[in-house]
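**Q** Pasting my_file_15.cif below, which is mmCIF, C-alpha atoms and all ligand atoms.
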data_start
loop_
_atom_site.label_atom_id
_atom_site.label_comp_id
_atom_site.auth_asym_id
_atom_site.auth_seq_id
_atom_site.Cartn_x
_atom_site.Cartn_y
_atom_site.Cartn_z
CA MET A 1 8.11 2.71 -19.31
CA TYR A 2 8.11 -0.96 -20.36
CA GLU A 3 11.70 -0.86 -21.60
CA GLN A 4 12.88 0.93 -18.44
CA LEU A 5 11.03 -1.63 -16.31
CA GLY A 6 12.85 -4.38 -18.18
CA GLU A 7 16.21 -2.76 -17.41
CA THR A 8 15.31 -2.33 -13.73
CA ARG A 9 14.13 -5.94 -13.51
CA GLU A 10 17.35 -7.21 -15.06
CA TRP A 11 19.43 -5.14 -12.64
CA ILE A 12 17.47 -6.43 -9.63
CA GLN A 13 17.57 -10.04 -10.81
CA ALA A 14 21.36 -9.74 -10.88
CA GLN A 15 21.22 -8.77 -7.15
CA THR A 16 18.87 -11.48 -5.89
CA ASP A 17 17.48 -14.85 -6.98
CA LEU A 18 14.37 -14.43 -4.86
CA VAL A 19 11.16 -14.43 -6.92
CA PRO A 20 8.46 -12.66 -4.87
CA SER A 21 4.79 -13.62 -5.15
CA VAL A 22 3.56 -10.96 -2.71
CA GLY A 23 4.44 -7.25 -2.74
CA VAL A 24 3.96 -5.15 0.37
CA VAL A 25 3.87 -1.36 0.57
CA LEU A 26 4.60 -0.24 4.12
CA GLY A 27 3.00 2.99 5.31
CA SER A 28 4.22 5.64 7.75
CA GLY A 29 5.47 4.07 10.98
CA LEU A 30 4.66 0.53 9.75
CA GLY A 31 8.08 -0.37 8.35
CA GLY A 32 8.65 -2.73 11.30
CA LEU A 33 7.07 -5.59 9.35
CA VAL A 34 10.51 -6.06 7.84
CA GLY A 35 11.61 -7.29 11.31
CA HIS A 36 9.32 -10.31 10.80
CA LEU A 37 10.97 -11.26 7.51
CA GLN A 38 13.77 -13.61 6.84
CA VAL A 39 15.59 -10.96 4.84
CA GLU A 40 17.44 -12.05 1.72
CA ARG A 41 18.48 -8.70 0.24
CA GLU A 42 17.87 -4.99 0.84
CA ILE A 43 18.37 -2.44 -1.93
CA SER A 44 18.11 1.35 -1.47
CA TYR A 45 15.80 3.02 -3.96
CA GLN A 46 18.58 5.43 -4.93
CA ASP A 47 20.74 2.51 -6.14
CA ILE A 48 18.01 1.07 -8.42
CA PRO A 49 18.12 2.22 -12.06
CA HIS A 50 15.02 4.28 -13.07
CA PHE A 51 13.49 4.03 -9.56
CA PRO A 52 11.85 7.25 -8.26
CA VAL A 53 13.37 8.36 -4.92
CA SER A 54 11.43 9.32 -1.74
CA THR A 55 12.51 11.99 0.75
CA VAL A 56 9.90 12.43 3.55
CA ALA A 57 10.99 11.91 7.20
CA GLY A 58 9.97 8.48 8.49
CA HIS A 59 10.28 6.76 5.11
CA ALA A 60 13.46 4.71 4.78
CA GLY A 61 13.33 4.09 1.05
CA LYS A 62 14.44 0.58 0.25
CA LEU A 63 13.19 -2.59 -1.37
CA VAL A 64 13.45 -5.54 0.96
CA PHE A 65 13.42 -9.08 -0.45
CA GLY A 66 12.70 -11.90 1.97
CA SER A 67 10.38 -14.66 3.17
CA LEU A 68 7.55 -14.98 5.62
CA GLY A 69 6.99 -18.69 6.14
CA SER A 70 6.82 -20.14 2.64
CA THR A 71 5.80 -16.81 1.06
CA ARG A 72 8.48 -14.92 -0.80
CA ILE A 73 7.91 -11.19 -0.70
CA VAL A 74 9.26 -7.86 -1.79
CA ALA A 75 8.47 -4.96 0.53
CA MET A 76 8.70 -1.26 -0.15
CA GLN A 77 9.93 0.17 3.13
CA GLY A 78 9.12 3.83 2.55
CA ARG A 79 6.63 4.71 -0.16
CA LEU A 80 6.52 7.47 -2.72
CA HIS A 81 3.93 10.20 -2.19
CA TYR A 82 2.28 12.49 -4.70
CA TYR A 83 2.82 15.46 -2.35
CA GLU A 84 6.58 15.02 -2.66
CA GLY A 85 6.23 16.18 -6.23
CA HIS A 86 6.41 12.79 -7.94
CA PRO A 87 4.25 12.73 -11.05
CA MET A 88 1.43 10.19 -10.64
CA ARG A 89 3.03 7.94 -13.24
CA SER A 90 6.13 7.60 -11.08
CA LEU A 91 3.97 6.14 -8.31
CA ALA A 92 2.99 3.37 -10.72
CA TYR A 93 6.62 2.43 -11.43
CA PRO A 94 7.42 0.35 -8.30
CA ILE A 95 4.11 -1.50 -8.59
CA ALA A 96 4.70 -2.36 -12.24
CA LEU A 97 8.22 -3.45 -11.29
CA MET A 98 6.83 -5.76 -8.60
CA LYS A 99 4.54 -7.33 -11.19
CA MET A 100 7.48 -7.85 -13.55
CA LEU A 101 9.42 -9.53 -10.73
CA GLY A 102 6.63 -12.08 -10.23
CA VAL A 103 4.24 -10.48 -7.72
CA LYS A 104 0.59 -11.65 -7.92
CA THR A 105 -0.79 -10.05 -4.75
CA LEU A 106 -0.19 -6.54 -3.44
CA VAL A 107 -0.67 -5.65 0.23
CA VAL A 108 -0.84 -1.88 0.74
CA SER A 109 -0.81 -0.26 4.15
CA ASN A 110 -1.11 3.30 5.31
CA ALA A 111 -1.59 5.65 8.22
CA ALA A 112 -4.99 7.31 7.95
CA GLY A 113 -7.30 9.70 9.74
CA GLY A 114 -10.54 8.20 11.06
CA MET A 115 -13.73 9.82 9.75
CA ASN A 116 -16.10 7.10 10.95
CA PRO A 117 -17.13 8.11 14.49
CA ASP A 118 -17.04 4.44 15.55
CA PHE A 119 -13.28 4.37 14.96
CA GLU A 120 -10.57 5.35 17.40
CA PRO A 121 -6.84 6.00 17.07
CA GLY A 122 -4.91 2.74 16.96
CA ASP A 123 -7.69 0.86 15.11
CA LEU A 124 -6.81 -1.24 12.06
CA MET A 125 -9.19 -1.08 9.10
CA VAL A 126 -9.38 -3.37 6.10
CA ILE A 127 -10.12 -1.25 3.02
CA THR A 128 -13.29 -2.40 1.23
CA ASP A 129 -13.16 0.29 -1.47
CA HIS A 130 -11.70 3.72 -2.14
CA ILE A 131 -12.63 7.15 -3.45
CA ASN A 132 -10.01 8.94 -5.53
CA LEU A 133 -9.92 12.66 -4.64
CA PHE A 134 -6.36 13.20 -5.85
CA GLY A 135 -7.70 14.94 -8.94
CA ASP A 136 -5.14 12.92 -10.88
CA ASN A 137 -4.59 9.31 -11.93
CA PRO A 138 -1.41 7.24 -12.40
CA LEU A 139 -2.79 5.72 -15.60
CA ILE A 140 -3.11 9.01 -17.53
CA GLY A 141 -0.97 9.16 -20.67
CA LEU A 142 -0.16 6.81 -23.51
CA ASN A 143 -1.22 3.30 -22.57
CA ASP A 144 1.05 0.30 -23.03
CA GLU A 145 -1.20 -2.72 -23.60
CA ARG A 146 1.65 -5.00 -22.47
CA LEU A 147 1.02 -3.67 -18.94
CA GLY A 148 -2.76 -3.37 -18.87
CA PRO A 149 -5.91 -2.13 -20.63
CA ARG A 150 -6.66 1.49 -21.53
CA PHE A 151 -9.89 1.49 -19.48
CA PRO A 152 -9.28 -0.83 -16.53
CA ASP A 153 -12.25 -2.05 -14.51
CA MET A 154 -12.39 -0.96 -10.84
CA THR A 155 -15.38 -3.02 -9.67
CA GLU A 156 -13.35 -4.89 -7.08
CA VAL A 157 -10.12 -3.00 -6.45
CA TYR A 158 -9.75 -4.71 -3.06
CA SER A 159 -10.22 -8.45 -3.48
CA ARG A 160 -13.24 -9.86 -1.60
CA GLY A 161 -11.28 -13.07 -1.03
CA LEU A 162 -8.42 -11.17 0.58
CA ILE A 163 -10.80 -9.10 2.74
CA ASP A 164 -12.37 -12.37 3.96
CA LEU A 165 -8.94 -13.85 4.59
CA ALA A 166 -7.82 -10.78 6.58
CA GLU A 167 -11.02 -10.83 8.64
CA ASP A 168 -10.68 -14.58 9.30
CA ARG A 169 -7.05 -14.26 10.36
CA ALA A 170 -7.82 -11.18 12.53
CA ARG A 171 -10.55 -13.17 14.32
CA ALA A 172 -8.22 -16.14 14.83
CA LEU A 173 -5.49 -13.88 16.24
CA GLY A 174 -7.87 -11.87 18.42
CA VAL A 175 -6.94 -8.64 16.60
CA SER A 176 -9.81 -6.19 16.16
CA LEU A 177 -10.23 -5.19 12.50
CA LYS A 178 -12.66 -2.52 11.30
CA ARG A 179 -13.72 -2.25 7.66
CA GLY A 180 -14.34 0.81 5.54
CA VAL A 181 -13.87 3.07 2.54
CA TYR A 182 -10.56 4.93 2.19
CA VAL A 183 -10.58 8.40 0.66
CA GLY A 184 -7.27 9.34 -0.94
CA LEU A 185 -6.21 12.91 -1.62
CA SER A 186 -2.97 14.69 -2.39
CA GLY A 187 -2.09 16.39 0.90
CA PRO A 188 0.32 17.54 2.19
CA ALA A 189 -1.97 19.79 4.25
CA TYR A 190 -4.33 17.93 6.55
CA GLU A 191 -7.99 18.42 5.72
CA THR A 192 -10.32 21.15 6.94
CA ALA A 193 -13.33 20.21 9.07
CA ALA A 194 -15.63 21.11 6.15
CA GLU A 195 -13.67 18.79 3.82
CA ILE A 196 -14.02 15.98 6.35
CA ARG A 197 -17.82 16.53 6.60
CA TYR A 198 -17.93 16.37 2.79
CA MET A 199 -15.92 13.13 2.67
CA GLN A 200 -18.10 11.57 5.38
CA SER A 201 -21.18 12.50 3.38
CA ILE A 202 -19.88 10.74 0.24
CA GLY A 203 -19.21 7.51 2.16
CA GLY A 204 -15.65 7.78 3.45
CA ASP A 205 -14.52 6.09 6.66
CA ALA A 206 -10.82 6.97 6.62
CA VAL A 207 -8.71 9.59 4.83
CA GLY A 208 -5.09 9.60 3.76
CA MET A 209 -2.52 10.78 1.25
CA SER A 210 -1.53 7.51 -0.42
CA THR A 211 -2.69 4.00 -1.42
CA VAL A 212 -5.19 4.95 -4.14
CA PRO A 213 -2.52 5.38 -6.87
CA GLU A 214 -0.84 2.07 -5.97
CA ALA A 215 -4.09 0.12 -5.65
CA MET A 216 -5.41 1.45 -8.95
CA THR A 217 -2.15 0.61 -10.70
CA ALA A 218 -2.15 -2.88 -9.22
CA ARG A 219 -5.67 -3.59 -10.49
CA TYR A 220 -4.71 -2.26 -13.91
CA LEU A 221 -1.81 -4.75 -13.89
CA GLY A 222 -4.13 -7.59 -12.82
CA LEU A 223 -2.83 -7.98 -9.27
CA ASP A 224 -5.10 -8.84 -6.33
CA VAL A 225 -5.01 -6.11 -3.69
CA LEU A 226 -5.40 -6.10 0.09
CA GLY A 227 -5.40 -2.71 1.84
CA ILE A 228 -4.95 -2.14 5.56
CA SER A 229 -5.18 1.29 7.20
CA CYS A 230 -3.87 2.12 10.61
CA ILE A 231 -6.10 4.83 12.06
CA THR A 232 -3.48 7.06 13.63
CA ASN A 233 -5.76 9.95 14.56
CA MET A 234 -9.34 11.06 14.27
CA SER A 235 -9.69 13.43 11.35
CA THR A 236 -10.16 17.19 11.58
CA GLY A 237 -13.35 18.16 13.43
CA LEU A 238 -13.57 14.79 15.18
CA ALA A 239 -10.13 15.13 16.75
CA THR A 240 -9.69 17.10 19.96
CA GLU A 241 -6.14 18.13 19.05
CA LYS A 242 -4.40 19.55 16.00
CA HIS A 243 -2.61 17.06 13.73
CA SER A 244 1.11 16.48 13.48
CA HIS A 245 3.23 13.94 11.63
CA GLN A 246 4.87 13.07 14.98
CA GLU A 247 1.46 12.13 16.39
CA VAL A 248 0.76 10.00 13.30
CA LEU A 249 4.09 8.17 13.62
CA LYS A 250 3.66 7.69 17.37
CA THR A 251 0.23 6.07 17.05
CA ALA A 252 1.32 3.99 14.06
CA GLN A 253 4.27 2.69 16.06
CA ALA A 254 1.98 1.88 19.00
CA ALA A 255 -0.33 -0.10 16.66
CA ALA A 256 2.55 -1.60 14.68
CA LYS A 257 2.74 -4.77 16.76
CA ARG A 258 -0.90 -5.69 15.95
CA PHE A 259 -0.49 -4.54 12.36
CA CYS A 260 2.63 -6.68 11.87
CA LYS A 261 1.06 -9.71 13.55
CA LEU A 262 -1.97 -9.53 11.28
CA VAL A 263 -0.19 -8.73 8.02
CA ALA A 264 2.54 -11.32 8.64
CA ASP A 265 -0.11 -13.93 9.31
CA VAL A 266 -2.13 -13.05 6.19
CA VAL A 267 1.01 -13.07 4.03
CA ARG A 268 2.05 -16.47 5.42
CA ALA A 269 -1.42 -17.80 4.65
CA LEU A 270 -1.12 -16.50 1.09
CA GLY A 271 2.04 -18.54 0.58
CA ASP A 272 0.26 -21.65 1.72
CA GLU A 273 -2.65 -20.81 -0.55
CA GLN A 274 -0.38 -20.32 -3.53
CA ASP A 275 1.41 -23.58 -2.77
CA GLY A 276 -1.96 -25.32 -2.81
CA THR A 277 -1.98 -26.25 0.87
CA SER A 278 -4.71 -25.12 3.24
CA PHE A 279 -4.42 -22.28 5.76
N1 LIG B 1 -5.49 13.04 7.06
C1 LIG B 1 -4.78 12.69 5.97
N2 LIG B 1 -3.80 11.81 6.00
C2 LIG B 1 -3.50 11.24 7.18
C3 LIG B 1 -4.20 11.55 8.36
C4 LIG B 1 -5.25 12.50 8.28
O1 LIG B 1 -5.92 12.85 9.29
N3 LIG B 1 -3.65 10.81 9.35
C5 LIG B 1 -2.67 10.05 8.79
N4 LIG B 1 -2.58 10.31 7.47
#
Rewrite the structure of this file - the entire thing - as structure tokens.
Ligand code: HPA
**A**
Amino acid sequence: MYEQLGETREWIQAQTDLVPSVGVVLGSGLGGLVGHLQVEREISYQDIPHFPVSTVAGHAGKLVFGSLGSTRIVAMQGRLHYYEGHPMRSLAYPIALMKMLGVKTLVVSNAAGGMNPDFEPGDLMVITDHINLFGDNPLIGLNDERLGPRFPDMTEVYSRGLIDLAEDRARALGVSLKRGVYVGLSGPAYETAAEIRYMQSIGGDAVGMSTVPEAMTARYLGLDVLGISCITNMSTGLATEKHSHQEVLKTAQAAAKRFCKLVADVVRALGDEQDGTSF
């Protein structure tokens, strides 16, 4: 993988001079953050050598290089999902690529079902920790020590400092921000009511089909991670209606303005932080 990553990096660096310090993975219906960027270069996944390609409706599938204030970022508009048939290791590839391009901090976002009865559709939640119920792991296989350790520590997958920063910025902006544990599983079927009761009982607040592979990979690579969920629906058993992807996208789009405001503000503050000025 390391050699392929080197080739992909070289190819990308021939397309853009921008050196990103923050990587952003945009979840379903949350791609609008790109509208807040001063865009430098957009590259479709299918044009990038060795890059795994995504197909699901609602996921555009491009890397967007640009700036938010003084922060230079690379955003994945359209993520790769395990349920599309990508092997777990493929989900690690874009994250490892971001690291090789200069990224130090990864911001991951997602649409998720609310399992905490205090949540409601449209809420934003900062992820404090996760539970991996994928039954798989992106780090399985031969390990390349140039990327990270064989047995990476997962004590603080989601950086306390970044959680504090997100909560501070949310308060300052008047954006309500819940906090909680994200449970990740493969999908693509939504959960049964019994599965939701199980996940509530083990400490889950929100459930979704992404984020865990990327966050785990990022920690393995030594990146700091911030995770933000958009609660697009209450999960099975708590919801009054059946789930649909249309409903998920509709609620995500309705919450997108608050999501973008918060994430853009946090990312701007990160640039200031990395430049050594205060935020
Ligand atoms: N379950 C799993 N994934 C999801 C959900 C859900 O209820 N909503 C959005 N993504």
**Q** Hey, could you pull the box centre and edge lengths for segment 96-113 of chain A, axis-aligned, 5 Å padding per side, all listed atoms, to one decimal in Å, as AutoDock Vina command-line options?
**A**
--center_x 1.1 --center_y -1.2 --center_z -1.9 --size_x 26.7 --size_y 31.8 --size_z 33.3
**Q** Hey, which residues sit close to ligand LIG 1 (chain B)? Say within 9 Å, counting only C-alpha atoms and all ligand atoms, and write them as an MDAnalysis selection string.
**A** chainID A and resid 28 110:115 183:191 206:210 230:236 239 243:245 247:249 252
**Q** Taking only C-alpha atoms into account, which of A:Thr211, A:Asn132, A:Thr251, A:Gln200 comes nearest Gly237 of chain A?
**A**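 Using only C-alpha atoms, the shortest distance to Gly237 of chain A belongs to A:Gln200.
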**Q** Just the number, please: distance in Å from atom CA of Tyr220 of chain A to atom CA of Val157 of chain A, one decimal.
**A**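 Atom CA of Val157 of chain A lies at a distance of 9.2 Å from atom CA of Tyr220 of chain A.
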**Q** Restricting the calculation to all atoms listed in the file: of A:Ser109, A:Thr128, A:Gln38, A:Ser90, which residue gets closest to Ala256 of chain A?
**A**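 The closest residue to Ala256 of chain A is A:Ser109.
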**Q** With a distance cut-off of 12 Å and only C-alpha atoms, select the neighbouring residues of Asp168 of chain A, excluding the residue or stretch itself and same-chain residues fewer than 2 positions from it, and output the selection as a PyMOL selection string.
**A** chain A and resi 126+161-166+170-177+262+265-266+269+279
**Q** Store the residues picked out above in a file with C-alpha atoms, as a short mmCIF file (atom, residue, chain, number, x, y, z; two decimals), keeping the file's coordinate frame.
**A**
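Written output follows (part19.cif):
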data_model
loop_
_atom_site.label_atom_id
_atom_site.label_comp_id
_atom_site.auth_asym_id
_atom_site.auth_seq_id
_atom_site.Cartn_x
_atom_site.Cartn_y
_atom_site.Cartn_z
CA VAL A 126 -9.38 -3.37 6.10
CA GLY A 161 -11.28 -13.07 -1.03
CA LEU A 162 -8.42 -11.17 0.58
CA ILE A 163 -10.80 -9.10 2.74
CA ASP A 164 -12.37 -12.37 3.96
CA LEU A 165 -8.94 -13.85 4.59
CA ALA A 166 -7.82 -10.78 6.58
CA ALA A 170 -7.82 -11.18 12.53
CA ARG A 171 -10.55 -13.17 14.32
CA ALA A 172 -8.22 -16.14 14.83
CA LEU A 173 -5.49 -13.88 16.24
CA GLY A 174 -7.87 -11.87 18.42
CA VAL A 175 -6.94 -8.64 16.60
CA SER A 176 -9.81 -6.19 16.16
CA LEU A 177 -10.23 -5.19 12.50
CA LEU A 262 -1.97 -9.53 11.28
CA ASP A 265 -0.11 -13.93 9.31
CA VAL A 266 -2.13 -13.05 6.19
CA ALA A 269 -1.42 -17.80 4.65
CA PHE A 279 -4.42 -22.28 5.76
#
**Q** Could you list, as a PyMOL selection string, every residue within 12 Å of Met154 of chain A, counting only C-alpha atoms and ignoring same-chain residues fewer than 4 positions away?
**A** chain A and resi 129-132+149+158-159+212+215-225
**Q** Write the residues of the selection above to a file with C-alpha atoms, as an mmCIF file, in the coordinates of the input.
**A**
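Resulting contents of part_7.cif:
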data_model
loop_
_atom_site.group_PDB
_atom_site.id
_atom_site.type_symbol
_atom_site.label_atom_id
_atom_site.label_comp_id
_atom_site.auth_asym_id
_atom_site.auth_seq_id
_atom_site.Cartn_x
_atom_site.Cartn_y
_atom_site.Cartn_z
ATOM 1 C CA ASP A 129 -13.160 0.290 -1.470
ATOM 2 C CA HIS A 130 -11.700 3.720 -2.140
ATOM 3 C CA ILE A 131 -12.630 7.150 -3.450
ATOM 4 C CA ASN A 132 -10.010 8.940 -5.530
ATOM 5 C CA PRO A 149 -5.910 -2.130 -20.630
ATOM 6 C CA TYR A 158 -9.750 -4.710 -3.060
ATOM 7 C CA SER A 159 -10.220 -8.450 -3.480
ATOM 8 C CA VAL A 212 -5.190 4.950 -4.140
ATOM 9 C CA ALA A 215 -4.090 0.120 -5.650
ATOM 10 C CA MET A 216 -5.410 1.450 -8.950
ATOM 11 C CA THR A 217 -2.150 0.610 -10.700
ATOM 12 C CA ALA A 218 -2.150 -2.880 -9.220
ATOM 13 C CA ARG A 219 -5.670 -3.590 -10.490
ATOM 14 C CA TYR A 220 -4.710 -2.260 -13.910
ATOM 15 C CA LEU A 221 -1.810 -4.750 -13.890
ATOM 16 C CA GLY A 222 -4.130 -7.590 -12.820
ATOM 17 C CA LEU A 223 -2.830 -7.980 -9.270
ATOM 18 C CA ASP A 224 -5.100 -8.840 -6.330
ATOM 19 C CA VAL A 225 -5.010 -6.110 -3.690
#
**Q** May I ask for the distance between atom CA of Arg41 of chain A and atom CA of Phe259 of chain A, given in Å to one decimal place?
**A**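 According to the coordinates, atom CA of Arg41 of chain A and atom CA of Phe259 of chain A are separated by 22.9 Å.
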**Q** Which value, in Å to one decimal, gives the distance between atom CA of Ala96 of chain A and atom CA of Asn137 of chain A?
**A** 14.9 Å
**Q** Tell me which protein, DNA and RNA residues are within 12 Å of Leu97 of chain A, counting only C-alpha atoms, leaving out same-chain ones fewer than 6 positions away, and put them as a PyMOL selection string.
**A** chain A and resi 1-13+20+23+48-52+63+74-76+90-91+103-104+106+147+214+217-218+221
**Q** Using only C-alpha atoms, which of A:Asn143, A:Glu40, A:Glu156, A:Val22 sits nearest Lys99 of chain A?
**A**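 Comparing A:Asn143, A:Glu40, A:Glu156, A:Val22 against Lys99 of chain A, the winner is A:Val22.
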**Q** Show which residues sit within 9 Å of Ser67 of chain A, as a ChimeraX atom specification. Count only C-alpha atoms, and ignore same-chain residues fewer than 2 positions away.
**A** /A:18,20,36-40,65,69-74,268
**Q** Excluding Lys257 of chain A and its own-chain neighbours fewer than 2 positions away, which residues fall within 12 Å of it when counting all atoms listed in the file? Please give them as a list in words.
**A**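 Using all atoms listed in the file, the neighbours found are Gly29, Leu30, Gly31, Gly32, Leu33, Val34, Gly35, His36, Gly122, Asp123, Leu124, Val175, Cys230, Thr251, Ala252, Gln253, Ala254, Ala255, Phe259, Cys260, Lys261, Leu262, Val263 and Ala264 of chain A.
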**Q** From (4.5, 10.4, -9.7), in the file's coordinates, out to 12 Å: which residues are reached, counting all atoms listed in the file? Answer as a CSV table (one decimal) with C-alpha atoms, in the coordinates of the input.
**A**
chain,number,residue,atom,x,y,z
A,51,PHE,CA,13.5,4.0,-9.6
A,52,PRO,CA,11.8,7.2,-8.3
A,53,VAL,CA,13.4,8.4,-4.9
A,54,SER,CA,11.4,9.3,-1.7
A,79,ARG,CA,6.6,4.7,-0.2
A,80,LEU,CA,6.5,7.5,-2.7
A,81,HIS,CA,3.9,10.2,-2.2
A,82,TYR,CA,2.3,12.5,-4.7
A,83,TYR,CA,2.8,15.5,-2.4
A,84,GLU,CA,6.6,15.0,-2.7
A,85,GLY,CA,6.2,16.2,-6.2
A,86,HIS,CA,6.4,12.8,-7.9
A,87,PRO,CA,4.2,12.7,-11.0
A,88,MET,CA,1.4,10.2,-10.6
A,89,ARG,CA,3.0,7.9,-13.2
A,90,SER,CA,6.1,7.6,-11.1
A,91,LEU,CA,4.0,6.1,-8.3
A,92,ALA,CA,3.0,3.4,-10.7
A,93,TYR,CA,6.6,2.4,-11.4
A,94,PRO,CA,7.4,0.4,-8.3
A,95,ILE,CA,4.1,-1.5,-8.6
A,134,PHE,CA,-6.4,13.2,-5.8
A,136,ASP,CA,-5.1,12.9,-10.9
A,137,ASN,CA,-4.6,9.3,-11.9
A,138,PRO,CA,-1.4,7.2,-12.4
A,139,LEU,CA,-2.8,5.7,-15.6
A,140,ILE,CA,-3.1,9.0,-17.5
A,186,SER,CA,-3.0,14.7,-2.4
A,210,SER,CA,-1.5,7.5,-0.4
A,213,PRO,CA,-2.5,5.4,-6.9
A,214,GLU,CA,-0.8,2.1,-6.0
A,217,THR,CA,-2.2,0.6,-10.7
